[in-house]
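Chemist: Dropping the structure in here first, questions after.
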Amino acid sequence: MRCDRVWARARLATLASGRLGLGEVDDGCVAARDGRIVYAGSASEAPAFVTDETIDCQGRWITPGLIDPHTHLVFGGDRAHEFELRLSGASYEEIARAGGGIVSTMAATRAASEDELTAGALPRLDALIAEGATTVEVKSGYGLSLEHELKSLRAARALGQRRAVTIKTTFLGAHALPPEFAGDADGYIDLVCRELIPAVAAAGLADAVDAFCEGIGFTPDQTRRVFEAARAHGLRVKLHAEQLSNLHGAALAAEFGALSADHLEHLDEAGVAAMARAGVVATLLPGAYYFVRETKPPPIGALRAAGVPMALATDCNPGTSPLTSLLLTMNMGATLFRLTVEECLAGVTREAARALGILAETGTLEAGKRCDLAVWDIERPAELVYRMGFNPLHARVWSGL
């Protein structure tokens, strides 16, 4: 078999569906041609390779490249002062209603140029890349006007031109109510549906549409209108749902065949069942849960019992999860939500890819998929979840390079 590169003498965690556990292969090798995996499995069963380069992994572990399926990397300013307020006892909702939160980041984002937004996001992206991330989702949602939402999405797309990484962009115009629409949420949703979504779709700047369905965000009826507009323009949807209260957003997401419903601390049994029937991924965000000191975790047992796929993400954002580590996210998923090692690793690879609608392209080590790899200096995969503040990445491979 002709290939460009072979990673030999490796141990693999393929995460392939249908395999037991992590899909572990002790005598593994991976071969790639033209940026795609042509073989991933046991060296003893591999075909003979004619290759330009063989990399001796010396027994190191290879997993799929990590995937962060929920971030807000592009924004202006920071909200460290709100962190201090929260330490003094202020709640997330109190801060938002006092003019802080998303709207304060909106002002800084509107004031920044596209180049400034890209430059500001690069260090956050670099932190993810340094831990093996090969695909990162980036949402808009801090511009809250046509001009500034388009600017934010262009800045996000520019990240993929500045770094060797796959960037998936999500339009989150229904993130918060901008001050010029104070008291007129329906009017703003009219704008989102009538002007912003069509413009975003026409420009080809978004892979999906998201919304914040919450008491301090938008109602289910308003969210439904956003989803209908997205569907009319050929865009998949996802949803911030059940973070602070139960507005039955997850069931609404399921009705529209959403890629994922995210947060889910207040998800009920009906919502779990709806997600299971529709194949909606539950994207869990333990960084936000930790940072805002939530006490009600998502219903992991119910999601597990119903067979709902569970992804993990950093939710990197300036106000409620300034987290840029998928390794720490996995540790939090295990310690705070009681996920297993297998669930954590699948959550930042296979299920994260599923949450972005790209499982056919990446997320597992299987022939035909993009050759996105993370090579680790570890003795067992559990180390990736167990350690805190330690990065055992030996090498990262994106599209075979």
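Ligands are numbered from 1 in the order shown, residues from 1 within each chain, and chains are lettered A, B, ... in the order they appear in the structure tokens.
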Write down as a PyMOL selection string the residues of range 110-281 of chain A whose backbone DSSP state falls under helix (DSSP H, G or I).

Modeler: chain A and resi 110-111+114-130+146-162+179-181+185-203+220-232+249-255+269-278

Chemist: For Gly23 in chain A, work out the shell of residues within 7 Å, counting only C-alpha atoms and skipping chain neighbours fewer than 5 positions away, then give it as a list in words.

Modeler: Ala13, Thr14, Leu15 and Ala16 of chain A

Chemist: Can I get the selection written as a PDB file, in the first residue's frame, with N, CA and C atoms?

Modeler:
```
ATOM      1  N   ALA A  13      -5.763   4.244  20.651  1.00  0.00           N
ATOM      2  CA  ALA A  13      -7.126   4.314  21.156  1.00  0.00           C
ATOM      3  C   ALA A  13      -7.938   4.849  19.985  1.00  0.00           C
ATOM      4  N   THR A  14      -8.524   3.951  19.213  1.00  0.00           N
ATOM      5  CA  THR A  14      -9.135   4.353  17.945  1.00  0.00           C
ATOM      6  C   THR A  14     -10.462   5.074  18.147  1.00  0.00           C
ATOM      7  N   LEU A  15     -11.149   4.829  19.259  1.00  0.00           N
ATOM      8  CA  LEU A  15     -12.483   5.373  19.535  1.00  0.00           C
ATOM      9  C   LEU A  15     -13.498   4.994  18.464  1.00  0.00           C
ATOM     10  N   ALA A  16     -13.173   4.008  17.636  1.00  0.00           N
ATOM     11  CA  ALA A  16     -14.065   3.625  16.547  1.00  0.00           C
ATOM     12  C   ALA A  16     -15.345   3.008  17.090  1.00  0.00           C
TER      13      ALA A  16
END
```

Chemist: Excluding range 6-9 of chain A and any residue of its chain fewer than 3 positions from it, enumerate the residues within 7 Å of it, using only C-alpha atoms, and give them as a ChimeraX atom specification.

Modeler: /A:27-32,51,53-59

Chemist: Report as CSV the residues of range 233-350 of chain A within 12 Å of range 175-190 of chain A, each with its shortest atom pair and distance in Å (one decimal), using only C-alpha atoms, ordered by chain and increasing residue number.

Modeler:
```
residue,atom,partner,partner_atom,distance
A:Leu239,CA,A:His175,CA,10.2
A:His240,CA,A:His175,CA,9.1
A:Ala241,CA,A:His175,CA,11.8
```

Chemist: To one decimal place, how far is CA of Pro318 in chain A from CA of Lys168 in chain A in Å?

Modeler: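 Distance between the two atoms: 19.5 Å.
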
Chemist: List the neighbours of Gly141 in chain A out to 8 Å using only C-alpha atoms; skip same-chain residues closer than 2 positions along the sequence, and give me the result as a CSV table (one decimal) with C-alpha atoms, in the first residue's frame.

Modeler:
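File part.csv, as written:
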```
chain,number,residue,atom,x,y,z
A,139,LYS,CA,-19.4,30.9,17.9
A,143,GLY,CA,-21.5,41.5,18.0
A,144,LEU,CA,-25.3,41.4,18.1
A,149,GLU,CA,-21.7,39.4,13.8
A,171,PHE,CA,-23.8,32.0,14.2
A,172,LEU,CA,-25.1,32.9,17.7
A,173,GLY,CA,-26.9,36.1,17.0
A,174,ALA,CA,-29.6,35.1,19.5
A,175,HIS,CA,-27.2,35.3,22.4
A,176,ALA,CA,-28.4,38.4,24.3
```

Chemist: Counting only C-alpha atoms, which residues of range 197-316 of chain A fall within 12 Å of range 333-353 of chain A, and what is the closest atom pair for each with its distance in Å at one decimal, ordered by chain and rising number, as CSV?

Modeler:
```
residue,atom,partner,partner_atom,distance
A:Leu259,CA,A:Ala353,CA,10.1
A:Ser260,CA,A:Ala352,CA,9.6
A:Asp262,CA,A:Ala352,CA,11.6
A:His263,CA,A:Phe337,CA,11.9
A:Leu264,CA,A:Phe337,CA,11.9
A:Glu265,CA,A:Phe337,CA,10.4
A:Gly279,CA,A:Glu351,CA,11.5
A:Val280,CA,A:Glu351,CA,10.7
A:Val281,CA,A:Glu351,CA,7.5
A:Ala282,CA,A:Glu351,CA,9.0
A:Thr283,CA,A:Ala352,CA,7.8
A:Leu284,CA,A:Gly333,CA,8.0
A:Leu285,CA,A:Gly333,CA,8.0
A:Pro286,CA,A:Gly333,CA,5.8
A:Gly287,CA,A:Gly333,CA,8.6
A:Ala288,CA,A:Gly333,CA,11.2
A:Tyr289,CA,A:Leu336,CA,8.7
A:Tyr290,CA,A:Leu336,CA,8.1
A:Phe291,CA,A:Leu336,CA,11.8
A:Arg293,CA,A:Leu336,CA,11.1
A:Glu294,CA,A:Leu336,CA,10.4
A:Thr295,CA,A:Leu336,CA,9.9
A:Lys296,CA,A:Phe337,CA,9.9
A:Pro297,CA,A:Phe337,CA,6.5
A:Pro298,CA,A:Phe337,CA,7.4
A:Pro299,CA,A:Phe337,CA,8.7
A:Ile300,CA,A:Phe337,CA,7.0
A:Gly301,CA,A:Arg338,CA,9.3
A:Leu303,CA,A:Leu339,CA,11.2
A:Arg304,CA,A:Leu339,CA,9.6
A:Gly307,CA,A:Glu343,CA,11.9
A:Val308,CA,A:Glu351,CA,10.1
A:Pro309,CA,A:Glu351,CA,6.3
A:Met310,CA,A:Gly347,CA,5.9
A:Ala311,CA,A:Gly347,CA,3.8
A:Leu312,CA,A:Gly347,CA,4.8
A:Ala313,CA,A:Val348,CA,7.0
A:Thr314,CA,A:Val348,CA,9.7
```

Chemist: Kindly export the residues of the current selection with C-alpha atoms, as a tab-separated table (two decimals), in the first residue's frame.

Modeler:
```
chain	number	residue	atom	x	y	z
A	259	LEU	CA	-26.77	18.68	16.28
A	260	SER	CA	-26.53	19.23	20.02
A	262	ASP	CA	-25.49	22.22	25.43
A	263	HIS	CA	-25.16	22.78	29.21
A	264	LEU	CA	-28.29	20.84	30.33
A	265	GLU	CA	-27.96	21.18	34.11
A	279	GLY	CA	-30.14	11.60	18.15
A	280	VAL	CA	-29.22	14.98	19.62
A	281	VAL	CA	-25.80	15.07	21.30
A	282	ALA	CA	-25.58	16.34	24.86
A	283	THR	CA	-22.60	18.70	24.99
A	284	LEU	CA	-21.53	19.05	28.61
A	285	LEU	CA	-19.64	22.11	29.81
A	286	PRO	CA	-18.07	21.41	33.20
A	287	GLY	CA	-15.90	24.54	33.05
A	288	ALA	CA	-18.95	26.79	33.18
A	289	TYR	CA	-20.51	24.62	35.89
A	290	TYR	CA	-17.33	24.99	37.96
A	291	PHE	CA	-16.73	28.66	37.26
A	293	ARG	CA	-20.31	27.48	41.12
A	294	GLU	CA	-23.41	25.61	40.03
A	295	THR	CA	-24.67	22.91	42.35
A	296	LYS	CA	-27.05	21.01	40.06
A	297	PRO	CA	-25.12	18.82	37.60
A	298	PRO	CA	-26.58	17.57	34.33
A	299	PRO	CA	-28.52	14.28	34.66
A	300	ILE	CA	-25.63	12.09	33.55
A	301	GLY	CA	-27.25	8.86	34.68
A	303	LEU	CA	-28.47	10.57	29.60
A	304	ARG	CA	-26.32	7.45	29.88
A	307	GLY	CA	-28.07	6.25	25.15
A	308	VAL	CA	-27.70	9.96	24.47
A	309	PRO	CA	-24.18	10.64	23.12
A	310	MET	CA	-22.23	12.96	25.44
A	311	ALA	CA	-19.62	15.41	24.20
A	312	LEU	CA	-17.36	17.59	26.34
A	313	ALA	CA	-16.26	21.14	25.55
A	314	THR	CA	-14.42	24.02	27.20
```

Chemist: Find the residues near range 91-107 of chain A: any atom within 6 Å, counting only C-alpha atoms, skip ones fewer than 2 places away on the same chain, and give them as a VMD selection string.

Modeler: chain A and resid 109 to 110 142 to 143

Chemist: Skipping near chain neighbours, those fewer than 3 positions away, what residues fall within 10 Å of Leu66 in chain A using only C-alpha atoms, listed as a list in words?

Modeler: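 The residues satisfying every condition are Thr63, Pro69, Leu128, Ile129, Glu131, Gly132, Ala133, Thr134, Thr135, Val136, Leu326, Leu327, Leu345, Ala346, Gly347, Val348, Thr349, Arg350, Ala352, Ala353, Thr362, Gly363, Thr364, Asp372, Leu373, Ala374 and Arg396 of chain A.
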
Chemist: If we count only C-alpha atoms and set the cut-off at 10 Å, which residues sit around Ala278 in chain A, ignoring sequence neighbours fewer than 2 positions away in its own chain? Please answer as an MDAnalysis selection string.

Modeler: chainID A and resid 251 253:259 273:276 280:281 308

Chemist: Would you save the residues of that selection, restricted to C-alpha atoms, as a short mmCIF file (atom, residue, chain, number, x, y, z; two decimals), in the first residue's frame?

Modeler:
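Below is the file again-v8.cif, written as the result:
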```cif
data_model
loop_
_atom_site.label_atom_id
_atom_site.label_comp_id
_atom_site.auth_asym_id
_atom_site.auth_seq_id
_atom_site.Cartn_x
_atom_site.Cartn_y
_atom_site.Cartn_z
CA ALA A 251 -37.05 19.09 23.47
CA ALA A 253 -33.81 21.28 19.81
CA ALA A 254 -34.81 17.66 19.30
CA GLU A 255 -37.88 18.72 17.33
CA PHE A 256 -35.59 20.50 14.85
CA GLY A 257 -33.06 17.66 14.66
CA ALA A 258 -30.38 19.77 16.33
CA LEU A 259 -26.77 18.68 16.28
CA ALA A 273 -36.15 11.14 26.00
CA ALA A 274 -36.64 13.68 23.21
CA MET A 275 -32.91 13.99 22.67
CA ALA A 276 -32.51 10.22 22.59
CA VAL A 280 -29.22 14.98 19.62
CA VAL A 281 -25.80 15.07 21.30
CA VAL A 308 -27.70 9.96 24.47
#
```

Chemist: Nearest to Val397 in chain A: which of A:Thr166, A:Asp315, A:Arg79, A:His248 is it, counting only C-alpha atoms?

Modeler: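 Counting only C-alpha atoms, the residue closest to Val397 in chain A is A:Thr166.
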
Chemist: Range 259-335 of chain A: which residues are strand (DSSP E) by DSSP, as a ChimeraX atom specification?

Modeler: /A:260-263,281-284,310-312

Chemist: Pull N, CA and C atoms from the residues just selected and write them as a PDB file, in the first residue's frame.

Modeler:
```pdb
ATOM      1  N   SER A 260     -26.788  19.396  18.597  1.00  0.00           N
ATOM      2  CA  SER A 260     -26.527  19.228  20.023  1.00  0.00           C
ATOM      3  C   SER A 260     -27.394  20.170  20.836  1.00  0.00           C
ATOM      4  N   ALA A 261     -27.566  19.809  22.096  1.00  0.00           N
ATOM      5  CA  ALA A 261     -28.094  20.709  23.111  1.00  0.00           C
ATOM      6  C   ALA A 261     -27.020  20.782  24.193  1.00  0.00           C
ATOM      7  N   ASP A 262     -26.693  22.001  24.633  1.00  0.00           N
ATOM      8  CA  ASP A 262     -25.486  22.215  25.432  1.00  0.00           C
ATOM      9  C   ASP A 262     -25.808  22.810  26.799  1.00  0.00           C
ATOM     10  N   HIS A 263     -25.030  22.449  27.782  1.00  0.00           N
ATOM     11  CA  HIS A 263     -25.160  22.781  29.212  1.00  0.00           C
ATOM     12  C   HIS A 263     -26.010  21.724  29.904  1.00  0.00           C
ATOM     13  N   VAL A 281     -26.931  15.240  20.380  1.00  0.00           N
ATOM     14  CA  VAL A 281     -25.801  15.066  21.296  1.00  0.00           C
ATOM     15  C   VAL A 281     -25.952  16.011  22.484  1.00  0.00           C
ATOM     16  N   ALA A 282     -25.647  15.506  23.665  1.00  0.00           N
ATOM     17  CA  ALA A 282     -25.582  16.345  24.864  1.00  0.00           C
ATOM     18  C   ALA A 282     -24.150  16.839  25.014  1.00  0.00           C
ATOM     19  N   THR A 283     -23.938  18.130  24.803  1.00  0.00           N
ATOM     20  CA  THR A 283     -22.601  18.700  24.986  1.00  0.00           C
ATOM     21  C   THR A 283     -22.516  19.286  26.383  1.00  0.00           C
ATOM     22  N   LEU A 284     -21.662  18.696  27.197  1.00  0.00           N
ATOM     23  CA  LEU A 284     -21.530  19.050  28.606  1.00  0.00           C
ATOM     24  C   LEU A 284     -20.384  20.029  28.789  1.00  0.00           C
ATOM     25  N   MET A 310     -22.668  11.838  24.612  1.00  0.00           N
ATOM     26  CA  MET A 310     -22.233  12.965  25.443  1.00  0.00           C
ATOM     27  C   MET A 310     -20.873  13.470  24.966  1.00  0.00           C
ATOM     28  N   ALA A 311     -20.855  14.729  24.565  1.00  0.00           N
ATOM     29  CA  ALA A 311     -19.617  15.407  24.201  1.00  0.00           C
ATOM     30  C   ALA A 311     -19.178  16.298  25.361  1.00  0.00           C
ATOM     31  N   LEU A 312     -17.917  16.656  25.358  1.00  0.00           N
ATOM     32  CA  LEU A 312     -17.363  17.588  26.343  1.00  0.00           C
ATOM     33  C   LEU A 312     -16.724  18.751  25.600  1.00  0.00           C
TER      34      LEU A 312
END
```
